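Enquirer: Structure file input-v9.cif, mmCIF, C-alpha atoms, is pasted below:
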```cif
data_data
#
loop_
_atom_site.label_atom_id
_atom_site.label_comp_id
_atom_site.auth_asym_id
_atom_site.auth_seq_id
_atom_site.Cartn_x
_atom_site.Cartn_y
_atom_site.Cartn_z
CA MET A 82 102.21 171.97 171.87
CA LYS A 83 99.14 172.39 174.03
CA LYS A 84 97.33 174.01 171.11
CA ILE A 85 98.11 171.00 168.88
CA ILE A 86 96.85 168.55 171.50
CA LEU A 87 93.69 170.59 172.04
CA SER A 88 93.11 170.76 168.29
CA LEU A 89 93.44 166.92 167.94
CA CYS A 90 90.99 166.37 170.83
CA ALA A 91 88.50 168.70 169.18
CA LEU A 92 88.76 166.82 165.86
CA VAL A 93 88.25 163.44 167.63
CA ALA A 94 85.20 164.80 169.44
CA LEU A 95 83.68 166.09 166.21
CA ALA A 96 84.34 162.81 164.41
CA SER A 97 82.78 160.83 167.25
CA ALA A 98 79.66 162.99 167.17
CA GLY A 99 79.41 162.55 163.43
CA PHE A 100 79.60 158.74 163.60
CA ALA A 101 77.21 158.68 166.57
CA GLY A 102 74.57 160.38 164.45
CA THR A 103 74.69 157.71 161.74
CA GLU A 104 72.31 154.70 162.30
CA ILE A 105 72.87 151.37 160.57
CA TYR A 106 69.73 149.23 160.08
CA SER A 107 69.66 145.49 159.77
CA ASN A 108 66.46 144.14 158.29
CA LYS A 109 66.06 140.76 159.95
CA ASN A 110 62.35 140.44 159.04
CA THR A 111 62.91 139.90 155.33
CA GLN A 112 61.50 136.49 154.29
CA THR A 113 61.70 134.66 151.01
CA VAL A 114 58.21 133.53 149.96
CA ALA A 115 58.26 130.20 148.15
CA PRO A 116 55.85 129.85 145.23
CA GLU A 117 52.70 127.82 146.01
CA CYS A 118 52.62 124.25 144.69
CA PRO A 119 49.81 123.34 142.25
CA GLN A 120 46.62 121.90 143.71
CA TRP A 121 45.70 118.84 141.67
CA PHE A 122 42.51 118.13 143.67
CA ALA A 123 40.05 120.96 144.29
CA ASP A 124 37.05 121.97 146.38
CA ASN A 125 33.63 121.94 144.67
CA GLU A 126 34.89 119.41 142.12
CA PHE A 127 32.68 117.11 140.05
CA ASN A 128 34.25 113.73 139.11
CA LEU A 129 33.07 111.27 136.47
CA SER A 130 34.88 107.89 136.32
CA LEU A 131 34.66 105.15 133.69
CA SER A 132 36.33 101.86 134.57
CA GLY A 133 36.63 98.19 133.77
CA VAL A 134 35.60 95.73 136.48
CA TYR A 135 36.67 92.27 137.60
CA ALA A 136 34.51 90.54 140.25
CA ALA A 137 35.33 87.37 142.20
CA THR A 138 32.89 85.63 144.55
CA GLY A 139 33.78 84.95 148.16
CA ASN A 140 32.58 81.32 147.81
CA LEU A 141 33.00 78.69 145.12
CA TRP A 142 30.37 78.85 142.38
CA ARG A 143 28.48 75.84 143.79
CA ASP A 144 28.02 77.66 147.12
CA ASP A 145 27.43 81.21 145.93
CA ARG A 146 23.70 81.96 145.84
CA TYR A 147 23.62 85.16 143.79
CA LEU A 148 26.24 85.48 141.05
CA GLY A 149 26.62 81.71 140.84
CA VAL A 150 30.08 81.89 139.22
CA ASP A 151 33.68 82.15 140.41
CA HIS A 152 34.34 85.40 138.55
CA ALA A 153 32.80 87.91 136.16
CA TRP A 154 33.81 90.93 134.06
CA GLY A 155 32.03 94.19 133.46
CA GLY A 156 32.11 97.97 133.54
CA SER A 157 31.33 100.76 135.99
CA ILE A 158 30.40 104.45 135.93
CA ASP A 159 30.91 106.56 139.03
CA ALA A 160 29.81 110.17 139.56
CA LYS A 161 30.96 112.14 142.63
CA TYR A 162 30.74 115.71 143.84
CA PHE A 163 33.42 116.85 146.29
CA PHE A 164 32.10 119.71 148.43
CA HIS A 165 35.62 119.84 149.88
CA ARG A 166 38.74 118.38 148.33
CA TYR A 167 38.74 115.80 151.14
CA PHE A 168 35.18 114.41 150.95
CA GLY A 169 32.26 113.99 148.59
CA ILE A 170 29.06 112.10 147.81
CA GLY A 171 28.23 110.17 144.68
CA ALA A 172 26.34 107.52 142.74
CA GLN A 173 27.78 104.35 141.24
CA GLY A 174 26.41 102.04 138.56
CA THR A 175 27.99 98.69 137.62
CA LEU A 176 27.10 95.97 135.13
CA LEU A 177 28.61 92.46 135.25
CA ALA A 178 28.42 89.78 132.54
CA VAL A 179 27.73 86.45 134.31
CA ASN A 180 28.43 83.42 132.13
CA GLY A 181 27.96 79.88 133.41
CA SER A 182 29.17 76.60 131.92
CA ASP A 183 28.58 72.87 132.35
CA THR A 184 30.90 71.40 134.99
CA LEU A 185 31.56 67.94 136.42
CA ASP A 186 32.34 68.29 140.13
CA ASN A 187 32.80 65.48 142.72
CA GLY A 188 30.56 63.07 140.88
CA PHE A 189 27.70 65.57 140.53
CA THR A 190 26.92 66.88 137.08
CA ARG A 191 25.94 70.54 137.27
CA THR A 192 23.83 71.33 134.24
CA ARG A 193 23.32 74.86 133.01
CA GLY A 194 21.85 76.14 129.79
CA SER A 195 22.30 79.10 127.50
CA GLU A 196 19.99 81.14 129.75
CA ASP A 197 22.84 81.22 132.29
CA LYS A 198 24.46 84.01 130.31
CA HIS A 199 22.97 87.14 131.79
CA ALA A 200 23.83 90.52 133.30
CA VAL A 201 23.87 91.56 136.95
CA GLY A 202 23.56 95.26 137.74
CA MET A 203 24.25 97.37 140.83
CA ALA A 204 23.15 100.90 141.77
CA LEU A 205 24.66 102.53 144.87
CA GLY A 206 24.93 105.82 146.70
CA THR A 207 28.43 106.46 148.11
CA PHE A 208 30.35 108.69 150.52
CA THR A 209 34.08 109.13 149.79
CA LEU A 210 36.99 110.38 151.89
CA ARG A 211 39.96 111.52 149.80
CA PHE A 212 43.47 112.22 151.08
CA PRO A 213 45.49 114.25 148.53
CA ILE A 214 49.20 114.21 149.33
CA LYS A 215 50.46 117.81 149.39
CA CYS A 216 52.08 119.07 146.19
CA SER A 217 51.74 115.64 144.54
CA ARG A 218 49.41 114.17 141.92
CA PHE A 219 48.63 111.18 144.18
CA ALA A 220 45.50 110.81 146.34
CA PRO A 221 44.44 107.65 148.22
CA TYR A 222 40.73 107.37 149.03
CA VAL A 223 38.23 105.17 150.88
CA TRP A 224 34.48 104.97 150.55
CA GLY A 225 31.34 103.27 151.76
CA GLY A 226 27.96 102.91 150.11
CA GLY A 227 24.65 101.16 149.95
CA GLY A 228 21.98 100.34 147.41
CA GLY A 229 20.65 97.41 145.44
CA ILE A 230 21.77 94.61 143.14
CA PHE A 231 19.55 92.97 140.53
CA GLY A 232 19.62 90.31 137.82
CA GLY A 233 21.19 87.50 139.86
CA GLY A 234 19.99 84.76 142.16
CA ARG A 235 20.19 80.99 141.92
CA SER A 236 18.43 77.88 143.18
CA HIS A 237 18.93 74.17 142.41
CA ASP A 238 17.47 70.68 142.63
CA PHE A 239 18.68 67.10 142.20
CA SER A 240 17.49 64.29 139.96
CA LEU A 241 18.51 60.66 139.40
CA ASP A 242 20.57 59.74 136.34
CA ALA A 243 22.07 56.26 136.09
CA THR A 244 24.64 57.43 133.55
CA GLN A 245 26.38 59.65 136.11
CA PRO A 246 29.10 58.41 138.49
CA LEU A 247 26.90 58.75 141.57
CA GLY A 248 23.65 58.55 139.69
CA ILE A 249 22.71 62.10 140.65
CA VAL A 250 22.37 65.25 138.54
CA ARG A 251 22.35 68.68 140.15
CA ARG A 252 20.43 71.27 138.15
CA ASP A 253 20.92 74.98 138.79
CA PHE A 254 18.28 77.54 137.91
CA ASP A 255 19.18 81.19 137.49
CA SER A 256 16.57 83.79 138.33
CA SER A 257 16.34 87.53 138.56
CA LYS A 258 16.15 88.71 142.15
CA THR A 259 16.71 92.17 143.57
CA LYS A 260 18.57 92.37 146.88
CA SER A 261 19.93 95.12 149.09
CA MET A 262 23.70 95.44 149.39
CA ALA A 263 26.48 97.42 151.05
CA GLN A 264 29.93 98.25 149.72
CA VAL A 265 33.22 99.32 151.33
CA GLY A 266 36.44 99.95 149.44
CA GLY A 267 39.66 101.84 148.97
CA GLY A 268 42.05 102.83 146.22
CA PHE A 269 44.05 105.70 144.77
CA GLU A 270 44.04 108.21 141.93
CA VAL A 271 46.99 109.70 140.04
CA ARG A 272 46.25 112.97 138.22
CA VAL A 273 47.65 113.38 134.72
CA SER A 274 46.34 116.95 134.77
CA GLN A 275 44.02 118.93 137.00
CA HIS A 276 41.09 117.63 134.95
CA MET A 277 42.01 114.00 134.27
CA GLY A 278 43.46 111.12 136.27
CA TRP A 279 43.83 107.35 136.47
CA MET A 280 42.09 105.50 139.33
CA THR A 281 42.44 101.96 140.69
CA ASP A 282 40.52 100.50 143.62
CA PHE A 283 39.07 97.41 145.28
CA SER A 284 35.76 96.96 147.10
CA TRP A 285 34.05 94.26 149.12
CA ASN A 286 30.36 93.89 148.33
CA ILE A 287 28.01 92.53 150.97
CA VAL A 288 24.79 91.16 149.51
CA SER A 289 22.02 90.02 151.86
CA GLY A 290 22.95 86.47 152.81
CA SER A 291 26.35 85.16 153.87
CA LYS A 292 26.88 83.23 150.62
CA ASN A 293 26.43 86.15 148.23
CA ASN A 294 29.43 88.38 148.98
CA PHE A 295 32.05 89.18 146.35
CA GLY A 296 35.12 91.35 145.77
CA MET A 297 35.40 93.81 142.91
CA ALA A 298 38.52 95.41 141.39
CA ARG A 299 38.23 98.47 139.13
CA THR A 300 40.65 100.52 137.07
CA GLY A 301 39.93 103.33 134.65
CA ILE A 302 39.95 107.02 133.83
CA ASN A 303 38.55 109.85 135.94
CA PHE A 304 37.48 113.26 134.63
CA ALA A 305 37.38 116.24 137.02
CA PHE A 306 35.42 119.45 136.38
#
```
Render the structure in this file as structure tokens.
Expert:
Amino acid sequence: MKKIILSLCALVALASAGFAGTEIYSNKNTQTVAPECPQWFADNEFNLSLSGVYAATGNLWRDDRYLGVDHAWGGSIDAKYFFHRYFGIGAQGTLLAVNGSDTLDNGFTRTRGSEDKHAVGMALGTFTLRFPIKCSRFAPYVWGGGGGIFGGGRSHDFSLDATQPLGIVRRDFDSSKTKSMAQVGGGFEVRVSQHMGWMTDFSWNIVSGSKNNFGMARTGINFAF
């Protein structure tokens, strides 16, 4: 009996030693790496935008001293180079078609001729901050710039005319004056691909003189290279 018990103890001891020599590893450092999302906006990126423009003066046409109208339409070209995907510098050119018309206003006849149909141009240098939303095609942006505006300007005089309700005629004369200007604005771009997107923005344009300012809305296509 003692031999049987001793034999069983020996077998248990051997089995214990065998299991003690076996190590079980648990790899807790294994991580699943998610694939990177596409970057729709890049560093060292050149952008060229072509857009349609609608401009509206901050004052009524009779008070505005530069565009001389309530609103105008035109086009814009904008070139930017983004040293980093978040900021870049650029140049902007805009052309507005300014068309006047004869108007009767508060008893004063405002007379304008065919020469009132003219173009007003702008040339600006800009600095843009862009805020791409991670893993999306959407990027809001803001910018500021400065430069010059040319082709506008207006003066007027008054003359007597007994056929008018108050007997007075106001005559407006358009001229071509070049003035300095500043521009601030904001908008957003949605990328269709990494090389093309649709942009929409609005800017406020400050032309020397408190009665010359106007807002400008743009929308168009942007090419990225």
Enquirer: Take every atom of range 144-161 of chain A listed in the file, pad by 8 Å on each side, and give me the axis-aligned box centre and edge lengths in Å, one decimal, as lines of an AutoDock Vina configuration file.
Expert:
```
center_x = 29.0
center_y = 94.9
center_z = 140.3
size_x = 26.7
size_y = 50.5
size_z = 29.7
```
Enquirer: Write out as a list in words the residues lying within 8 Å of range 283-287 of chain A, counting only C-alpha atoms and excluding same-chain residues fewer than 4 positions away.
Expert: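 Near neighbours after the sequence-gap exclusion: Met262, Ala263, Gln264, Val265, Gly266, Gly267, Gly268, Asn293, Asn294, Phe295, Gly296, Met297, Ala298 and Arg299 of chain A.
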Enquirer: Mind giving me the straight-line distance from CA of Val201 in chain A to CA of Ile302 in chain A in Å, one decimal?
Expert: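 Going from CA of Val201 in chain A over to CA of Ile302 in chain A covers 22.5 Å.
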Enquirer: On this structure, the PyMOL selection byres ((chain A and resi 150) around 10) would catch which residues? List them as an MDAnalysis selection string, sorted by chain and number.
Expert: chainID A and resid 136:138 140:149 151:153 179:182
Enquirer: Counting all atoms listed in the file, which residues come within 6 Å of (41.9, 117.2, 143.8), with the point read in the file's coordinates, and could you list them as a CSV table (one decimal) with C-alpha atoms, in the frame of the given file?
Expert:
```csv
chain,number,residue,atom,x,y,z
A,121,TRP,CA,45.7,118.8,141.7
A,122,PHE,CA,42.5,118.1,143.7
A,123,ALA,CA,40.0,121.0,144.3
A,166,ARG,CA,38.7,118.4,148.3
```
Enquirer: For Phe168 in chain A, list every protein, DNA or RNA residue within 10 Å, evaluated using only C-alpha atoms, and leave out those in the same chain fewer than 6 positions away; present the list as a PDB file with C-alpha atoms, keeping the file's coordinate frame.
Expert:
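around_16.pdb, freshly written:
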```pdb
ATOM      1  CA  ASP A 124      37.050 121.970 146.380  1.00  0.00           C
ATOM      2  CA  ASN A 125      33.630 121.940 144.670  1.00  0.00           C
ATOM      3  CA  LYS A 161      30.960 112.140 142.630  1.00  0.00           C
ATOM      4  CA  TYR A 162      30.740 115.710 143.840  1.00  0.00           C
ATOM      5  CA  PHE A 208      30.350 108.690 150.520  1.00  0.00           C
ATOM      6  CA  THR A 209      34.080 109.130 149.790  1.00  0.00           C
ATOM      7  CA  LEU A 210      36.990 110.380 151.890  1.00  0.00           C
ATOM      8  CA  ARG A 211      39.960 111.520 149.800  1.00  0.00           C
ATOM      9  CA  PHE A 212      43.470 112.220 151.080  1.00  0.00           C
ATOM     10  CA  TYR A 222      40.730 107.370 149.030  1.00  0.00           C
ATOM     11  CA  VAL A 223      38.230 105.170 150.880  1.00  0.00           C
ATOM     12  CA  TRP A 224      34.480 104.970 150.550  1.00  0.00           C
TER      13      TRP A 224
END
```
Enquirer: So which residues touch Gly174 in chain A within 8 Å, counting all atoms listed in the file, skipping near sequence neighbours fewer than 2 positions away, as a ChimeraX atom specification?
Expert: /A:157-159,172,176,202-205
Enquirer: Please compute the CA of Ala305 in chain A-CA of Gly278 in chain A distance, one decimal, in Å.
Expert: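 Separating CA of Ala305 in chain A from CA of Gly278 in chain A is a distance of 8.0 Å.
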Enquirer: Met277 in chain A: which residues within 9 Å, counting all atoms listed in the file, same-chain residues fewer than 2 positions away excluded, as a list in words?
Expert: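 After dropping sequence-adjacent residues, the list is Val271, Arg272, Val273, Ser274, Gln275, Trp279, Ile302, Asn303, Phe304, Ala305 and Phe306 of chain A.
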Enquirer: Using only C-alpha atoms for the distances, tell me which of A:Gly290, A:His165, A:Thr175, A:Lys260 is nearest to Pro213 in chain A.
Expert: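 So, comparing all the options, the nearest one is A:His165.
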Enquirer: Find the distance between CA of Gly169 in chain A and CA of Glu117 in chain A and write it in Å to one decimal.
Expert: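 If I compute the distance from CA of Gly169 in chain A to CA of Glu117 in chain A, I get 24.8 Å.
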Enquirer: Neighbouring residues of Ala160 in chain A were defined as those with any atom within 7 Å, considering only C-alpha atoms; residues of the same chain fewer than 6 positions away were excluded. Please report them as a PyMOL selection string.
Expert: chain A and resi 128-130+171-173
